[in-house]
>>> print(open('input.txt').read())   # compact mmCIF, C-alpha atoms
# COMPACT_ATOMS: atom_id res chain seq x y z
CA MET A 1 40.47 -17.47 -23.94
CA GLY A 2 40.10 -20.34 -21.46
CA GLU A 3 36.99 -21.31 -19.52
CA ILE A 4 34.35 -18.84 -18.41
CA ALA A 5 32.38 -19.73 -15.29
CA TRP A 6 28.61 -19.31 -15.19
CA HIS A 7 26.82 -18.82 -11.88
CA LYS A 8 23.09 -18.44 -11.26
CA SER A 9 21.77 -17.16 -7.93
CA ALA A 10 18.50 -18.78 -6.90
CA GLU A 11 17.49 -15.98 -4.52
CA PRO A 12 17.57 -12.18 -4.99
CA VAL A 13 20.96 -10.69 -4.19
CA THR A 14 21.26 -7.37 -2.38
CA TYR A 15 22.93 -4.71 -4.46
CA LEU A 16 25.83 -3.96 -2.12
CA ASP A 17 26.60 -7.66 -1.73
CA ALA A 18 26.66 -8.02 -5.50
CA VAL A 19 29.01 -5.07 -5.96
CA ALA A 20 31.37 -6.37 -3.28
CA ALA A 21 31.42 -9.82 -4.88
CA MET A 22 32.08 -8.34 -8.34
CA GLU A 23 34.93 -6.17 -7.13
CA GLU A 24 36.55 -9.12 -5.38
CA ARG A 25 36.17 -11.35 -8.44
CA ALA A 26 37.42 -8.67 -10.86
CA ALA A 27 40.58 -8.24 -8.79
CA ALA A 28 41.11 -11.99 -8.76
CA ILE A 29 40.65 -12.20 -12.52
CA ARG A 30 43.27 -9.48 -13.06
CA ALA A 31 45.65 -11.29 -10.70
CA GLY A 32 45.16 -14.54 -12.61
CA GLU A 33 43.60 -16.20 -9.57
CA ALA A 34 40.05 -16.71 -10.90
CA SER A 35 38.30 -17.43 -14.16
CA GLU A 36 36.13 -14.95 -16.01
CA LEU A 37 32.51 -14.99 -14.89
CA VAL A 38 28.95 -14.55 -16.11
CA TRP A 39 26.63 -14.14 -13.13
CA LEU A 40 22.84 -14.46 -13.56
CA LEU A 41 20.76 -12.97 -10.76
CA GLU A 42 17.86 -10.79 -9.66
CA HIS A 43 17.87 -7.89 -7.22
CA PRO A 44 15.21 -6.69 -4.78
CA ALA A 45 13.37 -3.62 -6.10
CA LEU A 46 15.77 -0.67 -6.20
CA TYR A 47 17.26 2.09 -8.32
CA THR A 48 20.91 2.47 -9.25
CA ALA A 49 22.50 5.74 -10.30
CA GLY A 50 25.44 5.49 -12.68
CA THR A 51 28.24 7.98 -13.15
CA GLY A 52 26.23 9.96 -15.70
CA SER A 53 23.10 10.35 -13.57
CA ASN A 54 21.27 13.63 -13.11
CA GLU A 55 19.44 14.38 -9.86
CA SER A 56 16.48 15.68 -11.85
CA ASP A 57 15.91 12.17 -13.25
CA LEU A 58 15.10 10.85 -9.77
CA LEU A 59 11.40 11.72 -9.68
CA LEU A 60 10.44 9.96 -6.42
CA PRO A 61 13.48 9.92 -4.12
CA ASP A 62 11.69 8.04 -1.33
CA PHE A 63 9.90 5.45 -3.48
CA LEU A 64 12.65 2.79 -3.60
CA PRO A 65 16.22 2.55 -2.27
CA VAL A 66 18.75 4.37 -4.45
CA PHE A 67 22.34 3.14 -4.78
CA ARG A 68 25.08 5.30 -6.23
CA THR A 69 27.34 3.12 -8.31
CA GLY A 70 30.51 3.36 -10.33
CA ARG A 71 29.08 1.85 -13.49
CA GLY A 72 28.53 3.96 -16.56
CA GLY A 73 25.09 5.21 -17.49
CA LYS A 74 22.30 6.97 -15.65
CA LEU A 75 19.42 5.93 -13.42
CA THR A 76 17.86 2.53 -13.89
CA TYR A 77 15.61 0.09 -12.08
CA HIS A 78 16.32 -3.45 -10.90
CA GLY A 79 13.82 -5.78 -9.32
CA PRO A 80 12.21 -9.22 -9.28
CA GLY A 81 11.26 -10.44 -12.74
CA GLN A 82 14.24 -8.75 -14.35
CA ARG A 83 17.24 -10.82 -15.39
CA VAL A 84 20.44 -9.07 -14.36
CA VAL A 85 23.61 -10.43 -15.92
CA TYR A 86 26.96 -9.32 -14.55
CA VAL A 87 29.74 -9.94 -17.04
CA LEU A 88 33.28 -10.11 -15.67
CA LEU A 89 35.67 -10.52 -18.59
CA ASP A 90 39.33 -9.79 -19.18
CA LEU A 91 39.07 -7.16 -21.90
CA GLU A 92 42.83 -6.91 -22.18
CA ARG A 93 42.73 -10.34 -23.76
CA ARG A 94 40.01 -9.11 -26.12
CA GLY A 95 41.77 -6.08 -27.58
CA SER A 96 41.24 -3.49 -24.80
CA ASP A 97 38.32 -1.99 -26.72
CA LEU A 98 35.52 -0.74 -24.47
CA ARG A 99 33.36 0.46 -27.36
CA ARG A 100 33.57 -2.97 -28.95
CA PHE A 101 32.66 -4.60 -25.63
CA VAL A 102 29.48 -2.53 -25.31
CA HIS A 103 28.62 -3.33 -28.94
CA ASP A 104 29.13 -7.03 -28.18
CA LEU A 105 26.83 -6.82 -25.16
CA GLU A 106 24.16 -5.30 -27.38
CA GLU A 107 24.72 -8.01 -29.99
CA TRP A 108 24.41 -10.70 -27.33
CA ILE A 109 21.08 -9.29 -26.14
CA ILE A 110 19.76 -9.00 -29.71
CA ARG A 111 20.68 -12.61 -30.54
CA SER A 112 19.23 -13.90 -27.27
CA LEU A 113 15.94 -12.08 -27.75
CA ALA A 114 15.71 -13.35 -31.31
CA ARG A 115 15.83 -16.93 -30.05
CA ILE A 116 12.64 -16.32 -28.04
CA GLY A 117 10.82 -14.46 -30.79
CA VAL A 118 11.58 -10.82 -29.96
CA THR A 119 13.19 -8.36 -32.36
CA GLY A 120 15.51 -6.07 -30.41
CA GLU A 121 17.15 -3.09 -32.06
CA ARG A 122 19.93 -0.61 -31.39
CA ARG A 123 19.37 3.12 -31.55
CA ALA A 124 22.10 5.66 -32.21
CA GLY A 125 22.83 7.71 -29.12
CA ARG A 126 20.78 5.41 -26.86
CA VAL A 127 22.66 2.60 -25.16
CA GLY A 128 20.49 -0.47 -24.67
CA ILE A 129 18.08 -2.51 -26.75
CA TRP A 130 14.69 -1.36 -27.95
CA VAL A 131 11.45 -2.90 -29.20
CA VAL A 132 9.47 -1.14 -31.95
CA HIS A 133 5.68 -1.43 -31.86
CA ARG A 134 3.22 -1.33 -34.74
CA ASP A 135 2.46 2.33 -34.08
CA ARG A 136 6.24 2.96 -34.41
CA SER A 137 6.58 3.79 -30.74
CA GLU A 138 9.71 2.42 -29.08
CA ALA A 139 10.24 0.95 -25.63
CA LYS A 140 13.39 -0.20 -23.90
CA ILE A 141 13.57 -3.87 -23.00
CA ALA A 142 17.24 -4.15 -22.00
CA ALA A 143 19.72 -1.82 -20.35
CA ILE A 144 23.53 -1.81 -20.30
CA GLY A 145 25.82 -0.30 -17.69
CA VAL A 146 29.42 -1.38 -17.27
CA ARG A 147 32.53 -0.53 -15.35
CA VAL A 148 36.09 -1.49 -16.26
CA ARG A 149 38.98 -1.62 -13.81
CA ARG A 150 42.43 -2.55 -15.07
CA TRP A 151 40.70 -3.88 -18.18
CA VAL A 152 38.45 -6.28 -16.31
CA SER A 153 34.74 -5.57 -16.85
CA TYR A 154 32.00 -5.81 -14.28
CA HIS A 155 28.37 -4.82 -13.91
CA GLY A 156 26.68 -5.63 -17.24
CA ILE A 157 23.14 -5.91 -18.60
CA SER A 158 19.54 -6.26 -17.49
CA ILE A 159 16.61 -7.64 -19.48
CA ASN A 160 12.99 -7.22 -18.44
CA VAL A 161 11.20 -10.56 -18.32
CA ASP A 162 8.18 -9.77 -16.14
CA PRO A 163 9.09 -7.07 -13.59
CA ASP A 164 6.63 -4.61 -12.10
CA LEU A 165 6.94 -1.91 -14.77
CA SER A 166 5.11 0.57 -12.55
CA HIS A 167 8.31 0.79 -10.48
CA TYR A 168 9.89 2.79 -13.29
CA CYS A 169 7.60 5.68 -12.29
CA GLY A 170 10.18 6.96 -9.81
CA ILE A 171 12.87 7.71 -12.38
CA VAL A 172 13.50 8.87 -15.91
CA PRO A 173 14.98 5.56 -17.06
CA CYS A 174 18.50 6.08 -18.40
CA GLY A 175 17.69 9.78 -18.74
CA ILE A 176 15.34 9.16 -21.68
CA ALA A 177 11.90 10.67 -21.17
CA ASP A 178 10.60 10.33 -24.73
CA HIS A 179 10.30 6.55 -24.79
CA GLY A 180 8.90 3.96 -22.43
CA VAL A 181 10.03 0.62 -21.05
CA THR A 182 8.67 -2.82 -21.76
CA SER A 183 9.19 -6.48 -20.90
CA LEU A 184 8.77 -9.88 -22.47
CA ALA A 185 5.47 -10.27 -20.64
CA ALA A 186 4.23 -6.85 -21.76
CA GLU A 187 5.07 -7.80 -25.34
CA GLY A 188 2.96 -10.95 -25.02
CA VAL A 189 5.98 -13.26 -25.08
CA ALA A 190 5.50 -16.38 -22.98
CA ALA A 191 9.22 -17.02 -22.42
CA ASP A 192 10.13 -17.14 -18.74
CA MET A 193 13.43 -16.53 -16.95
CA ALA A 194 14.65 -20.05 -17.65
CA ALA A 195 14.00 -19.66 -21.38
CA LEU A 196 15.86 -16.35 -21.46
CA ASP A 197 18.77 -17.86 -19.53
CA ALA A 198 18.97 -20.68 -22.05
CA ALA A 199 19.00 -18.20 -24.91
CA LEU A 200 21.74 -16.15 -23.25
CA ARG A 201 23.83 -19.26 -22.78
CA ALA A 202 23.25 -20.48 -26.32
CA THR A 203 24.34 -17.22 -27.95
CA PHE A 204 27.20 -16.20 -25.66
CA ASN A 205 29.85 -18.34 -27.30
CA ASP A 206 29.30 -16.82 -30.74
CA VAL A 207 29.89 -13.32 -29.39
CA PHE A 208 32.45 -13.69 -26.61
CA GLY A 209 34.12 -17.08 -26.83
CA THR A 210 34.26 -20.41 -25.04
CA VAL A 211 32.16 -21.02 -21.95
CA ALA A 212 32.33 -23.61 -19.18
CA ALA A 213 29.71 -25.64 -17.38
CA THR A 214 27.21 -23.76 -15.20
CA SER A 215 27.66 -23.95 -11.43
CA GLY A 216 25.48 -22.70 -8.60
CA LYS A 217 26.18 -19.63 -6.47
>>> encode(input="input.txt", output="structure tokens")
Amino acid sequence: MGEIAWHKSAEPVTYLDAVAAMEERAAAIRAGEASELVWLLEHPALYTAGTGSNESDLLLPDFLPVFRTGRGGKLTYHGPGQRVVYVLLDLERRGSDLRRFVHDLEEWIIRSLARIGVTGERRAGRVGIWVVHRDRSEAKIAAIGVRVRRWVSYHGISINVDPDLSHYCGIVPCGIADHGVTSLAAEGVAADMAALDAALRATFNDVFGTVAATSGK
């Protein structure tokens, strides 16, 4: 598959800047002018509304900025303390199978969480990764929302490390009102962003293929 570049942004990236950068990189990947990319970042506190969003799921329209986006999925939250990972891969070289790609993203999250002591699970009909508590209640710890253009993926996943979970009050996260959201910190897991990043890097190769050395962005 060739080398995959890894970039980590040290400071929060505005949402529109991130989308513009992804679109430019995706076009370059399709043209054969740039390598595939995994981009680790955080956003300022905001909501994004995917192509499947319902207006009724936006409970507090004036609470945080809302960005309409072309990714799949519904409303979700991004903010400091949440690891956002944008995954720009040439899916044409991986069988042109979008369903398999989403499954692989889930598998990557599950394996990464396992390395830091968290059991993440899939749920039929609910995209994302869930944590089950002793009382059998379930809470979402990771979300997935992707877009594919000419078989190059962009957007990706988000995993809650230690964000302000009260910010989810303004939306019905991913359109699911029956279950809550959680984070590594809320689950009593001491792993920080650096530990999660290391786990993501360590498990990526087994799911997606060869990776290259990390560089700054």
>>> residues_around(input="input.txt", residues="Pro12 in chain A", least_positions_apart="5", cutoff="8 Å", atoms="all atoms listed in the file", output="list of chain:residue names")
A:Leu41, A:Glu42, A:His43, A:Pro44, A:Pro80
>>> residues_near_point(input="input.txt", point="(12.3, -8.7, -17.0)", cutoff="12 Å", atoms="only C-alpha atoms", output="JSON, numbers by chain")
{"A": [41, 42, 43, 77, 78, 79, 80, 81, 82, 83, 84, 85, 113, 140, 141, 142, 143, 157, 158, 159, 160, 161, 162, 163, 164, 165, 181, 182, 183, 184, 185, 186, 187, 189, 190, 191, 192, 193, 194, 195, 196, 197]}
>>> residues_around(input="input.txt", residues="Arg30 in chain A", least_positions_apart="5", cutoff="10 Å", atoms="all atoms listed in the file", output="PDB file with C-alpha atoms, keeping the file's coordinate frame")
ATOM      1  CA  ARG A  25      36.170 -11.350  -8.440  1.00  0.00           C
ATOM      2  CA  SER A  35      38.300 -17.430 -14.160  1.00  0.00           C
ATOM      3  CA  GLU A  36      36.130 -14.950 -16.010  1.00  0.00           C
ATOM      4  CA  LEU A  89      35.670 -10.520 -18.590  1.00  0.00           C
ATOM      5  CA  ASP A  90      39.330  -9.790 -19.180  1.00  0.00           C
ATOM      6  CA  GLU A  92      42.830  -6.910 -22.180  1.00  0.00           C
ATOM      7  CA  ARG A 149      38.980  -1.620 -13.810  1.00  0.00           C
ATOM      8  CA  ARG A 150      42.430  -2.550 -15.070  1.00  0.00           C
ATOM      9  CA  TRP A 151      40.700  -3.880 -18.180  1.00  0.00           C
ATOM     10  CA  VAL A 152      38.450  -6.280 -16.310  1.00  0.00           C
TER      11      VAL A 152
END
>>> atom_distance(input="input.txt", atom1="CA of Cys169 in chain A", atom2="CA of Ser53 in chain A")
16.2 Å
>>> closest_residue(input="input.txt", among="A:His179, A:Thr76, A:Ile171, A:Ile116", to="Ala139 in chain A", atoms="all atoms listed in the file")
A:His179
>>> atom_distance(input="input.txt", atom1="CA of Gly72 in chain A", atom2="CA of Arg123 in chain A")
17.6 Å
>>> closest_residue(input="input.txt", among="A:Leu40, A:Tyr168, A:Ala31, A:Gly125", to="Lys8 in chain A", atoms="all atoms listed in the file")
A:Leu40
>>> closest_residue(input="input.txt", among="A:Gly52, A:Pro61, A:Gly209, A:Ser166", to="Ala5 in chain A", atoms="only C-alpha atoms")
A:Gly209
>>> atom_distance(input="input.txt", atom1="CA of Leu37 in chain A", atom2="CA of Gly70 in chain A")
19.0 Å
>>> residues_near_point(input="input.txt", point="(24.4, -6.6, -9.1)", cutoff="7 Å", atoms="all atoms listed in the file", output="list in words")
Tyr15, Ala18, Val19, His43, Tyr86 and His155 of chain A
>>> write_last_selection(input="input.txt", atoms="C-alpha atoms", output="mmCIF file, keeping the file's coordinate frame")
data_model
loop_
_atom_site.group_PDB
_atom_site.id
_atom_site.type_symbol
_atom_site.label_atom_id
_atom_site.label_comp_id
_atom_site.auth_asym_id
_atom_site.auth_seq_id
_atom_site.Cartn_x
_atom_site.Cartn_y
_atom_site.Cartn_z
ATOM 1 C CA TYR A 15 22.930 -4.710 -4.460
ATOM 2 C CA ALA A 18 26.660 -8.020 -5.500
ATOM 3 C CA VAL A 19 29.010 -5.070 -5.960
ATOM 4 C CA HIS A 43 17.870 -7.890 -7.220
ATOM 5 C CA TYR A 86 26.960 -9.320 -14.550
ATOM 6 C CA HIS A 155 28.370 -4.820 -13.910
#
>>> closest_residue(input="input.txt", among="A:Leu75, A:Val118, A:Asp62, A:Phe204", to="Val172 in chain A", atoms="all atoms listed in the file")
A:Leu75
>>> axis_aligned_box(input="input.txt", around="range 146-161 of chain A", padding_each_side="5 Å", output="lines of an AutoDock Vina configuration file")
center_x = 26.8
center_y = -5.5
center_z = -16.6
size_x = 41.2
size_y = 20.0
size_z = 15.7
>>> decode(input="input.txt", residues="range 89-121 of chain A", atoms="C-alpha atoms", output="mmCIF file, in the first residue's frame")
data_model
loop_
_atom_site.group_PDB
_atom_site.id
_atom_site.type_symbol
_atom_site.label_atom_id
_atom_site.label_comp_id
_atom_site.auth_asym_id
_atom_site.auth_seq_id
_atom_site.Cartn_x
_atom_site.Cartn_y
_atom_site.Cartn_z
ATOM 1 C CA LEU A 89 -7.084 6.526 2.709
ATOM 2 C CA ASP A 90 -7.336 5.331 -0.868
ATOM 3 C CA LEU A 91 -10.195 2.853 -0.559
ATOM 4 C CA GLU A 92 -9.946 1.922 -4.205
ATOM 5 C CA ARG A 93 -6.701 0.187 -3.318
ATOM 6 C CA ARG A 94 -8.497 -1.574 -0.462
ATOM 7 C CA GLY A 95 -11.360 -3.141 -2.385
ATOM 8 C CA SER A 96 -13.758 -0.171 -2.743
ATOM 9 C CA ASP A 97 -15.807 -1.444 0.196
ATOM 10 C CA LEU A 98 -17.246 1.339 2.351
ATOM 11 C CA ARG A 99 -18.969 -1.036 4.766
ATOM 12 C CA ARG A 100 -15.692 -2.838 5.355
ATOM 13 C CA PHE A 101 -13.935 0.490 5.927
ATOM 14 C CA VAL A 102 -16.400 1.494 8.653
ATOM 15 C CA HIS A 103 -16.034 -1.962 10.228
ATOM 16 C CA ASP A 104 -12.249 -1.520 10.169
ATOM 17 C CA LEU A 105 -12.519 1.874 11.866
ATOM 18 C CA GLU A 106 -14.579 0.256 14.603
ATOM 19 C CA GLU A 107 -12.047 -2.558 14.918
ATOM 20 C CA TRP A 108 -9.216 -0.046 15.177
ATOM 21 C CA ILE A 109 -10.970 1.797 18.001
ATOM 22 C CA ILE A 110 -11.743 -1.452 19.850
ATOM 23 C CA ARG A 111 -8.129 -2.642 19.647
ATOM 24 C CA SER A 112 -6.783 0.751 20.695
ATOM 25 C CA LEU A 113 -9.077 0.981 23.704
ATOM 26 C CA ALA A 114 -8.154 -2.553 24.731
ATOM 27 C CA ARG A 115 -4.499 -1.538 24.947
ATOM 28 C CA ILE A 116 -5.377 1.040 27.615
ATOM 29 C CA GLY A 117 -7.707 -1.222 29.571
ATOM 30 C CA VAL A 118 -11.122 -0.341 28.130
ATOM 31 C CA THR A 119 -13.524 -2.839 26.598
ATOM 32 C CA GLY A 120 -15.289 -1.213 23.659
ATOM 33 C CA GLU A 121 -18.137 -2.947 21.888
#
